[in-house]
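Here's the structure, in structure tokens; my notes come after.
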Amino acid sequence: MPWSGVRRQALTSSLPITLRVYRKLSSAVVPLAPALIKRRLKQGKEDPARIGERRGMSKDVRPHGPLVWIHGASVGEVLAAAALIERLRALNIRILLTSGTVTSAAIVAKRFPADIIHQYVPYDSPRYVARFLDHWRPSLALFIESDLWPNLILASAARRLPMVLINGRMSQRSFPRWRRMAATIAALLGRFDVCLAQSQTDAERFAALGSRNVVTTGNLKLDVPAPPADPARLERLMAVTRGRPIVVAASTHPGEEEILLEAHRTLAGFFPSLLTVIVPRHPDRGEAIARAIAAAGLHGTLRSREELPVAATDIYVADTMGELGLFYRLAPIVFMGGSLVPHGGQNPIEAVKLGASIVHGPHVFNFTDVYEALDGASGARQADTQEALVKQLGQLLADPAARDALVAASTRVVEQLGGALERTLTALEPYLLQLRLEMGAANA
């Protein structure tokens, strides 16, 4: 049902001044949307064929019956929900999945069943949000982690849409920032029926910021299945790299590749046939990384050019989407990116599940609990500097027994930390029961 003027006025009058100003500004900038979209299209950050979805419009038809809407910011959040989505599908519940990046849309198309409806989340303007909600009329909204768009949340609450924050995370950096805007964040978090937090620390932070009902369920990313790999492509890679020591640097960020190139140069003095595979977090950086490789005097090969590594290849740049499962299976040692620079680290769980021994840098605040557990159980190794990185990688390259011990320890940790999926489903059971009742009534 579209918003009435009375409901819109009631919503606005009860908000803190920050959110009232935000709503006015986000309405006022709508005329500037074409310029924003044009710039984002030029940067490759939007899909020209689906730009209407950013304005809340869709070519897809809403399916009949209850519809669960799941929203995640990007690739990590979307993949974290994969197992949950599969369980909901088993209940014959239709799923609308929204995200905000081109890369996440590509991952959904590649790794999710065809009956999952994917849409780009609308820009957070009241007009676009209203269009989106009027069209899809979701029965239940599940927001993943902490992608909190004010108009999206406020408009959903005004429609009395049940909302649950799942896999909730409040980082060490974000918490003090939100504390300085206590009324604003409380007005948003207070709209959620339940907050399902990743850890006890996250739960305490959400409660302090105004969440009404907080439950610690664990991290869904610990329950994600191992990523798939095309068997034929894996066999080709294994054939052309057989006999070579291999290190994979996964999900790297700017500033890390230069460190990895120098580490490779040093390690190659001890392991002459060493192959380093760099998988950038953003594949469109492949050409820039190739230039850095050439400037370092090393030989690089780019996967986006449909090239395979040859004997002379020092660095293989895997600048493609959705192939991490391939490279985790290829290499016994994985450096997890986003950790040598203050990005916060990337999720190591998929690599652990595929038998890789993990090395990471000091900046892992996005996955503090996971890395603390891994490091504490000798299931991963930390390298704070380039010299330390060379040392850790060198020891693992030279000692298969050390690699095996690392993998065994990390596997035990991941098994012990798992279970978030079942706890999340238990917390969602009252909502899912209501959906099943509605489905039964509709089919009667």
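Residue numbers start at 1 in each chain; chains themselves are named A, B, ... in the order of the structure tokens; ligands are numbered from 1 in the order shown.
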- [ ] Could you give me, as a ChimeraX atom specification, each residue of region 99-300 of chain A that DSSP assigns to strand (DSSP E) when run on this structure's backbone?
- [x] /A:99,117-120,140-144,163-168,194-197,214-216,246-252,275-280,300
- [ ] Quick one: everything within 10 Å of Gly72 (chain A), counting only C-alpha atoms, minus sequence neighbours fewer than 3 positions away in the same chain. Send it as a PyMOL selection string.
- [x] chain A and resi 75-81+97-101+104+121+142-148+166
Open item on the list: If we count only C-alpha atoms and set the cut-off at 9 Å, which residues sit around region 172-188 of chain A, ignoring sequence neighbours fewer than 6 positions away in its own chain? Please answer as a PyMOL selection string.
Closed with: chain A and resi 15-19+148-150+153-154+205-206+208-211+365-366
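Nearest residue to Gly286 (chain A), choosing from A:Ile95, A:Val310, A:Ala318, A:Met439 and counting only C-alpha atoms: A:Ala318.
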Open item on the list: With only C-alpha atoms as the counted atoms, please give the residues lying no more than 9 Å from Ser58 (chain A), apart from itself and same-chain residues fewer than 5 positions off, as a PyMOL selection string.
Closed with: chain A and resi 50+52-53+119+132+135
- [ ] Point out the residue among A:Leu234, A:Leu324, A:Ala295, A:Val224 with the least atom-to-atom distance to Ala420 (chain A), counting only C-alpha atoms.
- [x] A:Val224
- [ ] Within 9 Å of His363 (chain A), counting only C-alpha atoms, which residues show up once you throw out same-chain ones fewer than 4 positions away? Write them as a list of chain:residue names, please.
- [x] A:Gly338, A:Ser339, A:Leu340, A:Val341, A:Pro342, A:His343, A:Gly344, A:Gly345, A:Asp384
Task: Shell of 10 Å around Arg329 (chain A), only C-alpha atoms, local chain residues under 4 positions omitted, as number ranges by chain - done: A: 227-229, 234, 238, 324-325, 333, 351, 353-356
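Closest approach to Cys195 (chain A) among A:Leu267, A:Ala427, A:Ala249, A:Leu437 is made by A:Ala427 (distances from only C-alpha atoms).
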- [ ] Considering only C-alpha atoms, state which residue in the set A:Ala158, A:Val364, A:Arg423, A:Val68 is at the smallest distance from Ala197 (chain A).
- [x] A:Arg423
Determine, counting only C-alpha atoms, which protein, DNA and RNA residues have an atom within 10 Å of an atom of Thr241 (chain A); residues of the same chain fewer than 4 positions away are not included. Present the result as a compact mmCIF listing (two decimals) with N, CA and C atoms, in the first residue's frame.
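Once everything was written out, this is result.txt:
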```
# COMPACT_ATOMS: atom_id res chain seq x y z
N GLU A 235 41.70 -28.49 -13.63
CA GLU A 235 42.63 -29.46 -14.19
C GLU A 235 43.64 -28.78 -15.11
N ARG A 236 43.18 -27.82 -15.92
CA ARG A 236 44.10 -27.10 -16.81
C ARG A 236 45.14 -26.33 -16.01
N LEU A 237 44.68 -25.65 -14.94
CA LEU A 237 45.62 -24.89 -14.12
C LEU A 237 46.61 -25.81 -13.43
N PRO A 245 55.95 -24.52 -6.63
CA PRO A 245 55.37 -24.02 -5.37
C PRO A 245 54.48 -22.82 -5.68
N ILE A 246 53.31 -22.77 -5.04
CA ILE A 246 52.33 -21.72 -5.35
C ILE A 246 51.84 -21.07 -4.07
N SER A 273 61.17 -21.59 -8.84
CA SER A 273 60.00 -21.76 -9.72
C SER A 273 58.72 -21.26 -9.08
N LEU A 274 58.84 -20.46 -8.02
CA LEU A 274 57.67 -19.97 -7.29
C LEU A 274 56.69 -19.23 -8.21
N LEU A 275 55.42 -19.52 -8.04
CA LEU A 275 54.35 -18.80 -8.72
C LEU A 275 53.47 -18.14 -7.66
N LEU A 308 46.96 -18.47 -19.51
CA LEU A 308 47.37 -19.36 -18.44
C LEU A 308 48.83 -19.06 -18.09
N PRO A 309 49.23 -19.32 -16.84
CA PRO A 309 50.63 -19.10 -16.49
C PRO A 309 51.55 -20.04 -17.28
N VAL A 310 52.68 -19.51 -17.69
CA VAL A 310 53.69 -20.30 -18.39
C VAL A 310 54.91 -20.40 -17.48
N ALA A 311 55.93 -21.10 -17.94
CA ALA A 311 57.12 -21.32 -17.10
C ALA A 311 57.77 -20.02 -16.67
N LEU A 330 43.92 -24.77 -5.77
CA LEU A 330 45.19 -24.89 -6.48
C LEU A 330 46.40 -24.79 -5.55
```
Task: Backbone-only DSSP, helix (DSSP H, G or I) members of region 13-137 of chain A, as an MDAnalysis selection string - done: chainID A and resid 13 17:28 30:42 48:55 75:80 82:90 102:111 126:136
Create the file for the chosen residues now, containing C-alpha atoms and written as an mmCIF file, in the first residue's frame.
```cif
data_model
loop_
_atom_site.group_PDB
_atom_site.id
_atom_site.type_symbol
_atom_site.label_atom_id
_atom_site.label_comp_id
_atom_site.auth_asym_id
_atom_site.auth_seq_id
_atom_site.Cartn_x
_atom_site.Cartn_y
_atom_site.Cartn_z
ATOM 1 C CA SER A 13 7.666 14.226 13.265
ATOM 2 C CA ILE A 17 16.737 16.297 13.680
ATOM 3 C CA THR A 18 19.566 14.468 11.877
ATOM 4 C CA LEU A 19 17.186 12.069 10.181
ATOM 5 C CA ARG A 20 14.682 14.803 9.356
ATOM 6 C CA VAL A 21 17.447 16.757 7.640
ATOM 7 C CA TYR A 22 18.656 13.589 5.888
ATOM 8 C CA ARG A 23 15.165 12.882 4.545
ATOM 9 C CA LYS A 24 14.809 16.407 3.190
ATOM 10 C CA LEU A 25 18.225 16.387 1.576
ATOM 11 C CA SER A 26 17.769 12.913 0.064
ATOM 12 C CA SER A 27 14.497 14.145 -1.460
ATOM 13 C CA ALA A 28 16.023 17.381 -2.697
ATOM 14 C CA VAL A 30 16.664 13.557 -6.733
ATOM 15 C CA PRO A 31 17.072 15.985 -9.670
ATOM 16 C CA LEU A 32 20.823 15.338 -9.442
ATOM 17 C CA ALA A 33 20.362 11.569 -9.797
ATOM 18 C CA PRO A 34 20.966 11.510 -13.596
ATOM 19 C CA ALA A 35 24.373 13.145 -13.129
ATOM 20 C CA LEU A 36 25.274 10.711 -10.334
ATOM 21 C CA ILE A 37 24.159 7.743 -12.410
ATOM 22 C CA LYS A 38 26.106 8.964 -15.453
ATOM 23 C CA ARG A 39 29.293 9.229 -13.393
ATOM 24 C CA ARG A 40 28.807 5.804 -11.799
ATOM 25 C CA LEU A 41 28.133 4.241 -15.203
ATOM 26 C CA LYS A 42 31.378 5.742 -16.493
ATOM 27 C CA PRO A 48 23.257 0.222 -17.708
ATOM 28 C CA ALA A 49 20.618 -2.419 -18.443
ATOM 29 C CA ARG A 50 19.280 -2.294 -14.865
ATOM 30 C CA ILE A 51 19.642 1.336 -13.875
ATOM 31 C CA GLY A 52 15.891 1.631 -13.327
ATOM 32 C CA GLU A 53 16.222 -0.586 -10.256
ATOM 33 C CA ARG A 54 18.242 2.177 -8.593
ATOM 34 C CA ARG A 55 15.141 4.353 -8.930
ATOM 35 C CA VAL A 75 29.690 -9.775 -2.188
ATOM 36 C CA GLY A 76 30.645 -10.760 1.366
ATOM 37 C CA GLU A 77 27.206 -10.155 2.801
ATOM 38 C CA VAL A 78 25.419 -11.835 -0.097
ATOM 39 C CA LEU A 79 27.582 -14.945 0.178
ATOM 40 C CA ALA A 80 27.093 -15.016 3.948
ATOM 41 C CA ALA A 82 23.814 -18.315 0.806
ATOM 42 C CA ALA A 83 23.151 -21.188 3.211
ATOM 43 C CA LEU A 84 20.229 -19.353 4.824
ATOM 44 C CA ILE A 85 18.703 -18.699 1.401
ATOM 45 C CA GLU A 86 19.002 -22.381 0.532
ATOM 46 C CA ARG A 87 17.169 -23.363 3.715
ATOM 47 C CA LEU A 88 14.392 -20.845 3.023
ATOM 48 C CA ARG A 89 14.040 -22.169 -0.522
ATOM 49 C CA ALA A 90 13.578 -25.646 0.935
ATOM 50 C CA VAL A 102 27.907 -4.826 -9.826
ATOM 51 C CA THR A 103 30.256 -7.509 -8.486
ATOM 52 C CA SER A 104 27.635 -8.831 -6.073
ATOM 53 C CA ALA A 105 25.068 -9.002 -8.892
ATOM 54 C CA ALA A 106 27.530 -11.038 -10.961
ATOM 55 C CA ILE A 107 28.120 -13.425 -8.055
ATOM 56 C CA VAL A 108 24.361 -13.907 -7.563
ATOM 57 C CA ALA A 109 23.940 -14.693 -11.271
ATOM 58 C CA LYS A 110 26.806 -17.179 -11.159
ATOM 59 C CA ARG A 111 26.312 -18.950 -7.836
ATOM 60 C CA PRO A 126 12.070 8.501 -0.158
ATOM 61 C CA ARG A 127 10.630 8.499 -3.687
ATOM 62 C CA TYR A 128 12.760 5.611 -4.939
ATOM 63 C CA VAL A 129 12.349 3.610 -1.742
ATOM 64 C CA ALA A 130 8.561 4.012 -1.871
ATOM 65 C CA ARG A 131 8.488 2.740 -5.463
ATOM 66 C CA PHE A 132 10.557 -0.278 -4.493
ATOM 67 C CA LEU A 133 8.389 -1.210 -1.511
ATOM 68 C CA ASP A 134 5.121 -0.548 -3.361
ATOM 69 C CA HIS A 135 6.188 -2.901 -6.138
ATOM 70 C CA TRP A 136 7.647 -5.771 -4.110
#
```
